[in-house]
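One structure is given below, encoded as structure tokens.
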Amino acid sequence: MSPRTVVPPTALLVVALLVAACAGSATPPATSDPGTPTSAGPTSAGPTSAGPTSAGPTTAGPAAPAGTTSSSAPYNGTDIAWLQLTVAMHERVLPMLALVPAQTTDPALRRLAAQVEDTHRAELAQSRKLLDRSGAPRTNPHEGHDMPGMVTAAELAALGTATEAQFRRLFSRHLREHLGQAARVARAEQKSGADPATTALAATVARTASAALTQLDHL
Amino acid sequence: MDGAAPPNGMRRRLRLVTMLTALLALLGAYAVAGRAEPAEARAPIVRVAEFLADCPFSHRLPDDPIIYPGLPGASHMHSFFGSTATNAYTNLADLLNSNTTCNPRVDVSSYWVPTLYADNAPVEPAIVTFYYLGEGVRSDIVANTQPLPLGLRIVAGNARATAPDSTTISRWSCLHAGHVGASKDFVNCPSGTMLESYLDFPQCWNGRDLDSSDHKSHMAYPVNQACPSSHPVAVPKLRQVIRYPVSGDPARFRLASGPGFTMHGDFFNAWPEAEMLRRVRDCIRPVIKCGADGQPS
């Protein structure tokens, strides 16, 4: 920092402020901002100077759940997030299920994979439909990378070149993680979601995932 | 004040007026000098529009109350700073009633990033600083900066990035080793230095929504030093600076979201409105560098 001048600048600043204060209300303090509603309290410190914004923020209430969107009345933030997540998770597991016929001759595993694929395709179609109805985007900013329960591109590649024994072991592990995570977030949606059709779908997903997990345990 | 004045106050007052006159004369000279050389004249004031909060690590959870509200365990692992209460269910009222790791203690906002892993073990930062800046827009816009609205949620960076590209906003560098330079992916920091991440949040608000369905479209970055007409309200630019106590071969590192270029940050504003307004008024608009207490530093 630069050295101080002879008179301590802070002392001068104090005098300057005193003088400014004594000058009366006609002279605003030097730092006051013409764009700021100085008469308003901090609670109404909205962007009054910019655009058509006399109204406060639309989701300002402390009780508003995080992620609420105004354009989709029956849906809350949890509904949207769960639908986006379910689309991402179900889409991600389908390529792994598609590897099964080529990678194993085990009839029980093939049957389970086919059954999971059926339920997943139906749930995926339903999720997309509900998401479209909500008006929210089909994807969210976080999906796609190393999410819990999601098989990664590297893991999928490894499955494609695995021996049958390796495949059975890896496939079972990845499917178990996927189904466990699908059931976990579906139960959370049942608890915290708002849209009846979406919570009903969550109940279906929780049930089918749990049933498939039980079958997987008995393979 | 007058009531406390002694009987011979008149003479004292006269003397005071004389002193004040002398001081004012000095002040006049000072003001002229100040105009000529502001840095010299206002020695204690640094002309950078800034205030900050230092918020050490609080906790780790696979939760995200912005992206996955109400869905515990739905997210990749996050490291949380600031509010000690944040989980998947957190709303503004929860934050306002929570404790915080931040200096200043009044900042009960929540900040979170994907957890960094070194050799598959989580690493928490040694230094976490959130700067609130008046920069990136013209000076007349800085002078009209509006407070960040209470309850605003902002996400910066791209967790879904599949490669570093022109949209990658986050930067990696080394603390105390500037010669290494900044990169969109992890860098190899010399032994004894720290890996650090910089991330600037969008600073133009649409003036209406505290969040949006894609969690991004209510905010925008400036274009040509100004906020676009769709997002006309300039708010302080949040700059997240995180220092990790690791160095060396970046092949050992990964984020919970993937490679280094997937670095992102989430911010849920819970600064008390009066505290935010005071800092915007005293630090950002007049372009004064303030500390955590919102006073010139």
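Residues in the structure tokens are named by chain (A, B, ... in the order shown) and by number from 1 within that chain; ligands are numbered from 1 in the order shown.
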
Inset, instruction - Mind checking which residues fall within 9 Å of Leu175 in chain A, counting only C-alpha atoms, ignoring those fewer than 6 positions away in the same chain, and posting them as number ranges by chain? - result: A: 93, 96-97, 149, 151, 213, 216

The selected residues should be written to file as an mmCIF file, in the first residue's frame (atoms: C-alpha atoms).
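What landed in again-v3.cif:
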data_model
loop_
_atom_site.group_PDB
_atom_site.id
_atom_site.type_symbol
_atom_site.label_atom_id
_atom_site.label_comp_id
_atom_site.auth_asym_id
_atom_site.auth_seq_id
_atom_site.Cartn_x
_atom_site.Cartn_y
_atom_site.Cartn_z
ATOM 1 C CA VAL A 93 -29.281 -48.609 -18.345
ATOM 2 C CA MET A 96 -26.389 -52.356 -20.780
ATOM 3 C CA LEU A 97 -29.506 -54.520 -20.914
ATOM 4 C CA GLY A 149 -26.495 -45.827 -9.838
ATOM 5 C CA VAL A 151 -23.343 -47.097 -15.420
ATOM 6 C CA LEU A 213 -33.808 -56.601 -7.106
ATOM 7 C CA LEU A 216 -31.515 -60.546 -8.982
#

Legend entry - Close residues, range 138-146 of chain B itself excluded, 6 Å, only C-alpha atoms, min 3 positions apart in chain, as a PyMOL selection string: chain B and resi 134+225+234-235+285

Which residues come within 9 Å of His176 in chain B, counting only C-alpha atoms, excluding same-chain residues fewer than 6 positions away, as a PDB file with C-alpha atoms, in the first residue's frame?
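Contents of around39.pdb, freshly written:
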ATOM      1  CA  GLY B 192       4.471 -27.444  -1.858  1.00  0.00           C
ATOM      2  CA  THR B 193       1.850 -25.486  -3.799  1.00  0.00           C
ATOM      3  CA  MET B 194      -1.902 -26.005  -3.845  1.00  0.00           C
TER       4      MET B 194
END

Inset, instruction - Pick out the chain B residues within 8 Å of chain A. Count only C-alpha atoms. Give them as a ChimeraX atom specification. - result: /B:23,27,39-44,65-76,89-93,143-144,146-147,149-151,158-160,207-215,232-233,256-258,273-274,277,281-282,285-286

Inset, instruction - Could you jot down the CA of Pro259 in chain B to CA of Asp165 in chain B separation for me, Å, one decimal place? - result: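 Computed distance, CA of Pro259 in chain B to CA of Asp165 in chain B, equals 13.0 Å.
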